[in-house]
Amino acid sequence: MENQTNLLQQRRFKLAELKRLGYDPYPRRFGYSHTLGQIRKAFEAASAAELEEKKEAVRVCGRIMSMRPQGKAGFIDIADGEHRLQIYVRRDKVGPENFELFRLFDIGDIIGAEGPIFRTRTGELTVAAACVHHLSKNLLPLPEKWHGLTDIETRLRRRYVDLIVNPDVRAVFVKRNRIIKEIRNFLDERDYLEVETPVLQTIAGGALARPFATHHNALDINLYLRIALELYLKRLIVGGIPKVYELGRIFRNEGISAQHNPEFTMLEFYQAYSDYRDLMDVTQEMITRIAEKATGGRRVKYRDHVLDFDSWRRMTLKEAVLQFWPDPGTKPEESGLADVETLRSLARSVHAPFEMSDGPGKICASLFETVAEDRLIQPTFIYDYPAETSPLSKTKSGDPDTVERFELYIAGMEIANAYSELNDPAEQEARFEAQLAARDRGDEEAHAMDEDYIRALGYGMPPTAGEGIGIDRLTMVLTDSPSIRDVILFPLLRPEDPTA
RNA sequence: GGGCCGUUAGCUCAAUUGGCAGAGCAACUGACUCUUAAUCAGUAGGUUGAAGGUUCGAUUCCUUCACGGCUCACCA
C-alpha cells in the first residue's frame, strides 16, 4: 500500500509539474489527422524512401504503452486499444521546452504527437515528433508489459484495464457486435419488425425461471424484471404484426456459472403461419451466415473442436438418448422411453436426477441432459420435447404428450429454443392451471397464470412459431470463449470486500 | 448452496522440514540522439487477503471469515 502511495505521489507530483510549467493538465480536445488504424492503412505499404520524399505530417494521439528513453531522445509506443504506433522524440527536433514536457510523460499517459511519418532503420513506421502534447495523466500504473494482466478477478472488476492491455478482449467484443449486427441484417432483410417490450412486468412469464423482484413507488405495486420476451411478442402477433423480434436483456435470479450470468441477452423472433420445422430451416441459415460473417469461415475452432457449420444434424430427443446411451448392455428400446417405471430404472443406471412426482416426459428430458447434451458438439437440432416441460408449446398432432419444440445445441451448450406456439386459449389456460398446481407443490420456477395473455389468445392468434437464441452463448461459440464472462463486459460479481 | 483449489511489492511469479520475505518488469537517481522485452550503474518499494490459534519463531501448520477460479446442483 505504501508503495502504491509512493507511485501515486510521484505521478501526482508530475501532474503538479505540468501545471507549474503552464500546461493545462486536462486539456479539452486534440484535433488529430489520423487514427492509428488509419496511419497503418495509409502508410504501411510505403517504403522508407517514399516516406522520406513525401514527409507527410500527421497528428496522432493515444495511450503510452512503453517508453525507451535515450538521453536527449526517446521512443514511445502509443496505442488506441487496437493499433500501436511508435513516436520518436528528439530534443533537437522538438526543442528544449517541449522535451521537458516529454520527460514528464509516464507509461499510461494519454498524449498527442505531430510530425512527419518515416521509417526507422529497423523499418518501424514512426512519427518523427515536431511537438508532443500531454492530454491526460495516468496516476495508477498499468500492468507490466510482458505478462500483462492475467488475474481473472482483476480483469473482470477493472475491465477498462483489461481492455487497455489485452487486445484480444477488444476483439471478442468487436465480434460480438458483428454477430448482433448480422442478426439484425438477417431479420430486417426478411421484413421482421424490431420492437421493444416491457422489462418491468407484473407477471414474469414466458420461461420457467425465478425472477428478480422490485417495486414501483408511485403505483405501489410489486414488479419483476422480465425472464423472457415471449408473451409480449406473441401479443404483437395477435395484434397483426406477422413477423416480429426483440433483441434485449433478460434477467433470471438463478445461479452463476461459466454458462450463466444473471442478466443476459436474448433474441426472440416470432413468425405467423409457420411451425417449428420452418424455424429449423431459418435458424440453420441464420446461424451459418452469422458464423461465416463473424469468423470468416464455416469451420470454427472452439476449444478442442472444429465446429462445422456445413454439417448440421437433426434428431429427436429420444433418438439422442438412444444414440448416446453410454452402456450397450443397458441400452433401452425406444418403446421403453414412454414407461415411467422403465425410465426411472434407466435414470438410476446413469445417475440422471429425477423426482418421484416427475412424469415420463420429465425423466426422459433428464436422461437426455445426462447422456447426450455434452456430446452435441456439432450444430444439432434436438426436437420433439415432452409436453410436461413446455407449457407454451403446441402438441404434436395425435400425440398430446409431445410438443412441437426444438433446441439447438452447439459445443454441448443449448444455444436456441423454439416451438410451434400454443394458440388455443382454452388449452393454454389448462396448461397454466397445471403449472399453478406444480407451483403449489413447491416448484418455484413453474409458470404463473397470465390472464391477459389468455385474453389476447381469445382474440385469435394465427398459427405461429417462435424462437429464442442466447446471444452470449452464441458469442462464446464463435469467439472460442470458455466462459460467459469472456463475452460480457461487466459480468455480475460480488462487491469487493471494503476491508481488503 | 456443496466439494476442491487459489490469494506474497503496482503487475507476473519465487521462498528448502516451521528459521533473515526475494526476482523480473514498472517506479526513482544518473549515463546514453534509430530504440522496440533498449542497454548500463545505483536506489527505494511488503501488516504475505482479514481475524484468531499452535509455536522460542508462521508466507509455511490449524480454525473462522472475505473474494475469486474449477466443479456439482439449478438454469439458458
# chains A, B, ... in the order shown; residues from 1 in each chain; ligands from 1
>>> residues_around(residues="Arg20 of chain A", least_positions_apart="6", cutoff="12 Å", atoms="only C-alpha atoms (C1' of nucleotides)", output="compact mmCIF listing (two decimals) with N, CA, C and O atoms, in the first residue's frame")
# COMPACT_ATOMS: atom_id res chain seq x y z
N PHE A 13 2.93 14.37 -8.39
CA PHE A 13 3.96 15.41 -8.46
C PHE A 13 4.19 15.84 -9.91
O PHE A 13 4.30 17.02 -10.22
N LYS A 14 4.22 14.83 -10.82
CA LYS A 14 4.41 15.17 -12.22
C LYS A 14 3.23 15.97 -12.77
O LYS A 14 3.40 16.86 -13.60
N LEU A 101 8.64 18.62 -21.35
CA LEU A 101 7.30 18.05 -21.24
C LEU A 101 7.36 16.54 -21.47
O LEU A 101 6.80 15.75 -20.71
>>> interface_residues(of="chain B", to="chain A", cutoff="12 Å", atoms="only C-alpha atoms (C1' of nucleotides)", output="JSON list (two decimals) with C-alpha atoms (C1' of nucleotides), in the first residue's frame")
[["chain", "number", "residue", "atom", "x", "y", "z"],
["B", 1, "G", "C1'", -25.84, -23.85, -1.70],
["B", 6, "G", "C1'", -6.13, -20.16, -5.00],
["B", 7, "U", "C1'", -4.99, -15.01, -2.67],
["B", 9, "A", "C1'", 5.68, -5.45, -3.98],
["B", 10, "G", "C1'", 1.70, -1.55, -8.93],
["B", 11, "C", "C1'", 1.96, -6.30, -12.50],
["B", 12, "U", "C1'", 3.89, -11.56, -13.29],
["B", 13, "C", "C1'", 5.86, -15.02, -10.04],
["B", 24, "G", "C1'", 11.91, -9.67, -13.41],
["B", 25, "C", "C1'", 9.08, -5.69, -15.27],
["B", 26, "A", "C1'", 7.04, -0.87, -13.57],
["B", 27, "A", "C1'", 8.94, 3.36, -10.27],
["B", 28, "C", "C1'", 13.09, 6.76, -8.52],
["B", 30, "G", "C1'", 22.46, 9.10, -13.05],
["B", 31, "A", "C1'", 24.64, 7.92, -18.27],
["B", 32, "C", "C1'", 23.02, 7.37, -23.27],
["B", 33, "U", "C1'", 20.18, 11.31, -30.22],
["B", 34, "C", "C1'", 17.47, 4.96, -34.68],
["B", 35, "U", "C1'", 15.33, 2.07, -29.92],
["B", 36, "U", "C1'", 11.50, -1.64, -29.90],
["B", 37, "A", "C1'", 11.38, -7.15, -23.76],
["B", 38, "A", "C1'", 16.55, -0.84, -25.48],
["B", 39, "U", "C1'", 21.21, -1.00, -22.59],
["B", 40, "C", "C1'", 24.50, 0.25, -18.28],
["B", 44, "A", "C1'", 13.59, 2.59, -2.98],
["B", 45, "G", "C1'", 9.25, -0.31, -2.63],
["B", 46, "G", "C1'", 5.93, -5.66, 1.94],
["B", 47, "U", "C1'", 0.57, -5.53, 8.15],
["B", 49, "G", "C1'", -6.44, -11.25, 1.58],
["B", 50, "A", "C1'", -8.64, -10.43, 7.12],
["B", 51, "A", "C1'", -9.11, -12.09, 12.24],
["B", 65, "C", "C1'", -14.26, -15.07, 7.60],
["B", 66, "A", "C1'", -13.83, -12.27, 2.68],
["B", 67, "C", "C1'", -13.15, -12.52, -2.56],
["B", 68, "G", "C1'", -12.11, -15.39, -6.91],
["B", 69, "G", "C1'", -11.41, -19.98, -10.05],
["B", 70, "C", "C1'", -12.89, -25.02, -11.28],
["B", 71, "U", "C1'", -16.74, -28.44, -10.44],
["B", 72, "C", "C1'", -21.61, -30.38, -8.82],
["B", 73, "A", "C1'", -26.65, -28.81, -8.05],
["B", 74, "C", "C1'", -30.11, -25.20, -10.53],
["B", 75, "C", "C1'", -30.81, -22.95, -15.15],
["B", 76, "A", "C1'", -30.41, -20.73, -20.79]]
>>> select_by_dssp(residues="segment 346-431 of chain A", states="alpha helix (DSSP H)", output="ChimeraX atom specification")
/A:346-349,360-371,425-431
>>> select_by_dssp(residues="segment 363-439 of chain A", states="strand (DSSP E)", output="ChimeraX atom specification")
/A:380-386,395-396,399-410,413-420
>>> atom_distance(atom1="atom CA of Gly359 of chain A", atom2="atom CA of Asp374 of chain A")
23.6 Å
>>> residues_around(residues="Leu307 of chain A", least_positions_apart="4", cutoff="6 Å", atoms="only C-alpha atoms (C1' of nucleotides)", output="compact mmCIF listing (two decimals) with all heavy atoms, in the first residue's frame")
# COMPACT_ATOMS: atom_id res chain seq x y z
N ARG A 299 -16.04 -23.16 -40.81
CA ARG A 299 -15.41 -24.08 -39.86
C ARG A 299 -14.78 -23.21 -38.78
O ARG A 299 -13.93 -22.36 -39.05
CB ARG A 299 -14.37 -24.93 -40.56
CG ARG A 299 -15.03 -25.89 -41.58
CD ARG A 299 -13.98 -26.55 -42.46
NE ARG A 299 -13.20 -27.55 -41.72
CZ ARG A 299 -13.63 -28.78 -41.46
NH1 ARG A 299 -14.81 -29.18 -41.90
NH2 ARG A 299 -12.88 -29.62 -40.79
N VAL A 300 -15.21 -23.44 -37.54
CA VAL A 300 -14.86 -22.53 -36.45
C VAL A 300 -14.22 -23.32 -35.33
O VAL A 300 -14.79 -24.30 -34.85
CB VAL A 300 -16.14 -21.81 -35.93
CG1 VAL A 300 -15.80 -20.92 -34.75
CG2 VAL A 300 -16.79 -21.01 -37.05
N GLN A 378 -21.17 -30.69 -32.63
CA GLN A 378 -21.53 -30.10 -33.92
C GLN A 378 -22.97 -29.59 -33.86
O GLN A 378 -23.77 -30.09 -33.07
CB GLN A 378 -21.37 -31.15 -35.02
CG GLN A 378 -19.94 -31.63 -35.21
CD GLN A 378 -18.96 -30.50 -35.52
OE1 GLN A 378 -19.32 -29.53 -36.17
NE2 GLN A 378 -17.74 -30.61 -35.03
>>> residues_around(residues="segment 236-244 of chain A", least_positions_apart="3", cutoff="8 Å", atoms="only C-alpha atoms (C1' of nucleotides)", output="PyMOL selection string")
chain A and resi 191-195+232-233+269-272+456-457+459-462
>>> residues_around(residues="U59 of chain B", least_positions_apart="4", cutoff="8 Å", atoms="only C-alpha atoms (C1' of nucleotides)", output="list in words")
U8, A21 and U48 of chain B
>>> write_last_selection(atoms="C-alpha atoms (C1' of nucleotides)", output="PDB file, in the first residue's frame")
ATOM      1  C1'   U B   8       3.022 -12.855  -1.309  1.00  0.00           C
ATOM      2  C1'   A B  21      10.297 -12.316   2.662  1.00  0.00           C
ATOM      3  C1'   U B  48       2.442 -12.298   2.773  1.00  0.00           C
TER       4        U B  48
END
>>> residues_around(residues="Leu229 of chain A", least_positions_apart="3", cutoff="10 Å", atoms="only C-alpha atoms (C1' of nucleotides)", output="ChimeraX atom specification")
/A:196-199,204-207,226,232-234,245-250,266-269,468
>>> residues_around(residues="Leu322 of chain A", least_positions_apart="6", cutoff="8 Å", atoms="only C-alpha atoms (C1' of nucleotides)", output="PyMOL selection string")
chain A and resi 331-334
>>> atom_distance(atom1="atom CA of Met280 of chain A", atom2="atom CA of Thr464 of chain A")
13.7 Å
>>> atom_distance(atom1="atom CA of Met286 of chain A", atom2="atom CA of Arg485 of chain A")
24.6 Å
